[in-house]
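Asker: One structure follows; several queries about it will come next.
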There are 2 protein chains.
Amino acid sequence: MALADLSRCAIHTMTLKPWSLEQTIAGLGRVGVPGITVWRQHLAPYGAEAAGRMLRASGLTVTALCRGGFFPAIDPAGRDAALADNRKAIDEAATIGAPMVVLVCGAVPGMPLSDARRQIQDAIATLEPYAKANRVKLAIEPLHPMYAADRSAINTLAQARAICETVASPWVGIAADVYHIWWDPDAESELARAGAGGWLAGFHVCDWRVETRDLLNDRGLMGEGCIDIPRLRNAAERAGFSGFNEVESFSTTRWAGEQDAWLDTIVEAYRRHT
Amino acid sequence: MALADLSRCAIHTMTLKPWSLEQTIAGLGRVGVPGITVWRQHLAPYGAEAAGRMLRASGLTVTALCRGGFFPAIDPAGRDAALADNRKAIDEAATIGAPMVVLVCGAVPGMPLSDARRQIQDAIATLEPYAKANRVKLAIEPLHPMYAADRSAINTLAQARAICETVASPWVGIAADVYHIWWDPDAESELARAGAGGWLAGFHVCDWRVETRDLLNDRGLMGEGCIDIPRLRNAAERAGFSGFNEVESFSTTRWAGEQDAWLDTIVEAYRRHT
């Protein structure tokens with residue numbers, strides 16, 4: 001059963017990549033979408049202070065800041081730079097009123113995944129006090145295994161949950177994206193465990209196109225692919241999740257078109273297939 | 001530590017896709033590769049009987065027949081047709097002297113993965129007596145999760161192992177391909193379990209390119225990507241595996257070039273990076 005109303009709908013600024021933050025705020029206002037997830041590249045032209053004022057004036061709920069992470073590095077200087085950048089992301093989130101920073105945890109081609117995974121856990125543990133002090137949650141987003149080489153060594157909900165168990169803080173949680181988790185035979189049981197642990201912080205929707213033409217920028221809109229989104233959303237809700245369903249899609253094809261029409265298409269797909 | 005010699009090297013006819021079976025047999029003879037995995041499309045022009053005579057005359061070891069599987073279907077007629085085709089594959093394997101049929105288990109876009117997985121297990125259990133009677137093993141190849149929509153709903157070694165445990169026959173095993181399993185945090189422990197259970201029947205090598213430009217036909221040759229192949233091969237060997245390392249690569253780029261030179265490149269990469 002899909003959701004008929006938009007009360008829990010949020011859209012990532014990256015889904016409307018060609019638009020400025022100002023344009024996206026206006027667009028979401030026009031169609032009545034109440035939530036926005038802000039990507040740092042859309043925040044950068046304004047700075048966090050000015051962007052925060054715009055967002056508060058809009059009445060939109062800021063669901064999250066995307067994205068922190070990219071922790072593993074070959075040398076300590078690289079890891080320190082990543083920590084510094086993540087502290088900056090936490091600052092920005094606090095400034096714009098985002099309750100969490102979504103973490104794409106990172107991977108270095110050729111570095112053993114076990115090393116990358118250890119560095120990721122260490123970095124999150126290191127950042128936790130800073131996140132807590134700023135009242136911003138760190139939301140680990142497991143990425144599809146096809147991104148293990150260069151984007152994230154955290155590829156399943158189970159891995160994200162293991163980090164949450166180890167760091168054991170209310171300021172570290174999980175962002176579950178149907179695109180990344182739908183194939184996982186343990187997806188539903190792990191959503192239940194994430195909910196039971198109090199870790200389920202975010203829920204992202206889009207779809208897996210058959211055929212997928214590009215590993216990164218060919219995501220489908222809800223209903224265009226093979227993911228049973230209501231089943232996964234229901235699993236999250238049974239686990240206690242009551243937050244926004246964030247529409248996050250990267251699509252070269254869609255970005256090339258007219259964004260107002262694309263936004264109308266997104267809202268229609270959300271109503272029918274989420 | 002890479003393998004210096006070719007005594008356990010096999011090459012899939014698909015790796016040299018433009019060549020006929022006859023050309024591939026001649027090519028492998030020229031470079032001293034002792035093993036060949038035969039794809040059905042390369043066998044078809046000759047028929048199994050004639051292909052079997054060619055292979056026996058060549059002195060090559062036939063490591064496997066690729067591929068059976070594609071079990072799930074919307075209706076019973078589709079599932080019956082898949083079973084019939086797999087019996088034919090078992091016949092062909094027996095005729096050419098291949099000890100196993102590699103299974104790409106199948107998936108139907110939009111069918112719940114849990115249904116597809118049940119149908120796959122049922123089909124393998126149904127085929128087991130026929131495989132046993134023909135002394136041909138059914139080797140379940142878990143495919144990378146990026147193929148879950150349309151090629152295989154079996155995406156991890158753990159899932160393949162669960163089927164082996166359930167069907168519980170020496171004629172059902174696992175073919176592990178580094179391309180499909182390298183990202184899995186449980187890859188090494190599952191290789192150990194597969195070995196302990198007596199299920200580890202095949203081991204395939206190639207590499208994961210960074211960036212990967214196409215989901216299907218952009219595999220790298222060993223050493224061209226980010227997979228630590230010796231680590232996974234050693235894990236298989238510690239688990240008791242002593243079979244061939246089968247080079248299986250799909251690459252539009254490589255198929256477009258001269259195949260004799262490509263074969264020389266494969267042999268060099270095998271010596272250095274396997």
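In the structure tokens, chains take letters A, B, ... by order of appearance, with residues numbered from 1 within each chain and ligands from 1 in the order shown.
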Using only C-alpha atoms and a distance of at most 7 Å, pull out the residues of chain B that contact chain A, as a list in words.

Answerer: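 Every residue meeting the condition is included here: Pro109, Gly110, Pro145, Met146, Ala148, Ala149, Trp183, Val210, Asp214, Leu215 and Cys226 of chain B.
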
Asker: Kindly export the residues of the current selection with N, CA and C atoms, as a short mmCIF file (atom, residue, chain, number, x, y, z; two decimals), in the first residue's frame.

Answerer:
data_model
loop_
_atom_site.label_atom_id
_atom_site.label_comp_id
_atom_site.auth_asym_id
_atom_site.auth_seq_id
_atom_site.Cartn_x
_atom_site.Cartn_y
_atom_site.Cartn_z
N PRO B 109 12.65 -9.68 -12.85
CA PRO B 109 12.42 -8.32 -12.37
C PRO B 109 11.00 -8.16 -11.82
N GLY B 110 10.90 -7.69 -10.61
CA GLY B 110 9.59 -7.49 -10.00
C GLY B 110 9.11 -8.65 -9.15
N PRO B 145 25.54 -8.54 -5.96
CA PRO B 145 24.21 -7.97 -5.73
C PRO B 145 23.72 -7.03 -6.84
N MET B 146 24.62 -6.50 -7.66
CA MET B 146 24.13 -5.63 -8.74
C MET B 146 23.41 -6.42 -9.83
N ALA B 148 21.02 -8.71 -8.89
CA ALA B 148 19.87 -9.32 -8.20
C ALA B 148 18.55 -9.10 -8.95
N ALA B 149 18.47 -8.03 -9.73
CA ALA B 149 17.19 -7.74 -10.40
C ALA B 149 16.84 -8.75 -11.48
N TRP B 183 33.68 -8.02 -2.19
CA TRP B 183 33.20 -6.95 -1.31
C TRP B 183 32.65 -7.50 0.01
N VAL B 210 38.24 0.12 -11.36
CA VAL B 210 37.86 1.40 -10.78
C VAL B 210 38.21 2.47 -11.80
N ASP B 214 30.55 -0.33 -17.00
CA ASP B 214 29.36 -1.07 -17.44
C ASP B 214 29.12 -2.19 -16.44
N LEU B 215 27.85 -2.44 -16.11
CA LEU B 215 27.56 -3.43 -15.08
C LEU B 215 27.91 -4.85 -15.51
N CYS B 226 40.88 -3.70 -8.10
CA CYS B 226 41.14 -3.54 -6.67
C CYS B 226 40.99 -4.82 -5.85
#

Asker: Could you write out, as number ranges by chain, all the residues of stretch 7-212 of chain A that DSSP marks as helix (DSSP H, G or I)?

Answerer: A: 13-16, 21-31, 40-43, 48-58, 76-96, 113-133, 145-147, 157-167, 178-181, 187-196

Asker: Which residue out of B:Glu165, B:Asp80, B:Glu224, B:Glu188 has the minimum interatomic distance to B:Ala269 when only C-alpha atoms are used?

Answerer: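 The closest residue to B:Ala269 is B:Glu224.
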
Asker: Give me, as an MDAnalysis selection string, all polymer residues having an atom no more than 10 Å from B:Tyr130, counting only C-alpha atoms and skipping those fewer than 2 positions away in the same chain.

Answerer: chainID B and resid 86:87 90:91 125:128 132:137 171

Asker: Near A:Arg151, counting only C-alpha atoms, which residues have an atom at most 7 Å away, once you skip same-chain residues fewer than 5 positions from it, shown as an MDAnalysis selection string?

Answerer: chainID A and resid 104 106:107

Asker: Find the distance between atom CA of B:Arg238 and atom CA of B:Ala192 and write it in Å to one decimal.

Answerer: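 Between atom CA of B:Arg238 and atom CA of B:Ala192 the gap is 7.4 Å.
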
Asker: Using only C-alpha atoms, which of the listed residues (A:Arg79, A:His12, A:Arg233, A:His42) sits closest to A:Gln119?

Answerer: A:Arg79

Asker: Nearest to A:Asp122: which of A:Ala98, A:Leu83, A:Leu263, A:Cys9 is it, counting only C-alpha atoms?

Answerer: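 Going through A:Ala98, A:Leu83, A:Leu263, A:Cys9 one by one, the smallest distance to A:Asp122 is for A:Leu83.
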
Asker: Name the closest residue to A:Pro230 among the candidates A:Arg193, A:His273, A:His204, A:Arg254; distances are taken between atoms, counting only C-alpha atoms.

Answerer: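 Smallest distance to A:Pro230 is found for A:His273.
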
Asker: For stretch 49-51 of chain B, find every residue with an atom within 9 Å (counting only C-alpha atoms), except residues of its own chain fewer than 5 positions away, and show them as a PyMOL selection string.

Answerer: chain B and resi 21-22+43-44+56+92+95-96

Asker: Please produce an output containing C-alpha atoms for each residue in the selection, written as a PDB file, in the first residue's frame.

Answerer:
ATOM      1  CA  LEU B  21      35.625 -23.497 -29.525  1.00  0.00           C
ATOM      2  CA  GLU B  22      38.114 -24.823 -32.057  1.00  0.00           C
ATOM      3  CA  LEU B  43      29.518 -25.643 -27.822  1.00  0.00           C
ATOM      4  CA  ALA B  44      26.280 -25.226 -29.783  1.00  0.00           C
ATOM      5  CA  ARG B  56      39.328 -35.133 -25.561  1.00  0.00           C
ATOM      6  CA  GLU B  92      25.971 -31.799 -22.413  1.00  0.00           C
ATOM      7  CA  THR B  95      29.011 -35.706 -22.911  1.00  0.00           C
ATOM      8  CA  ILE B  96      31.980 -33.310 -23.016  1.00  0.00           C
TER       9      ILE B  96
END
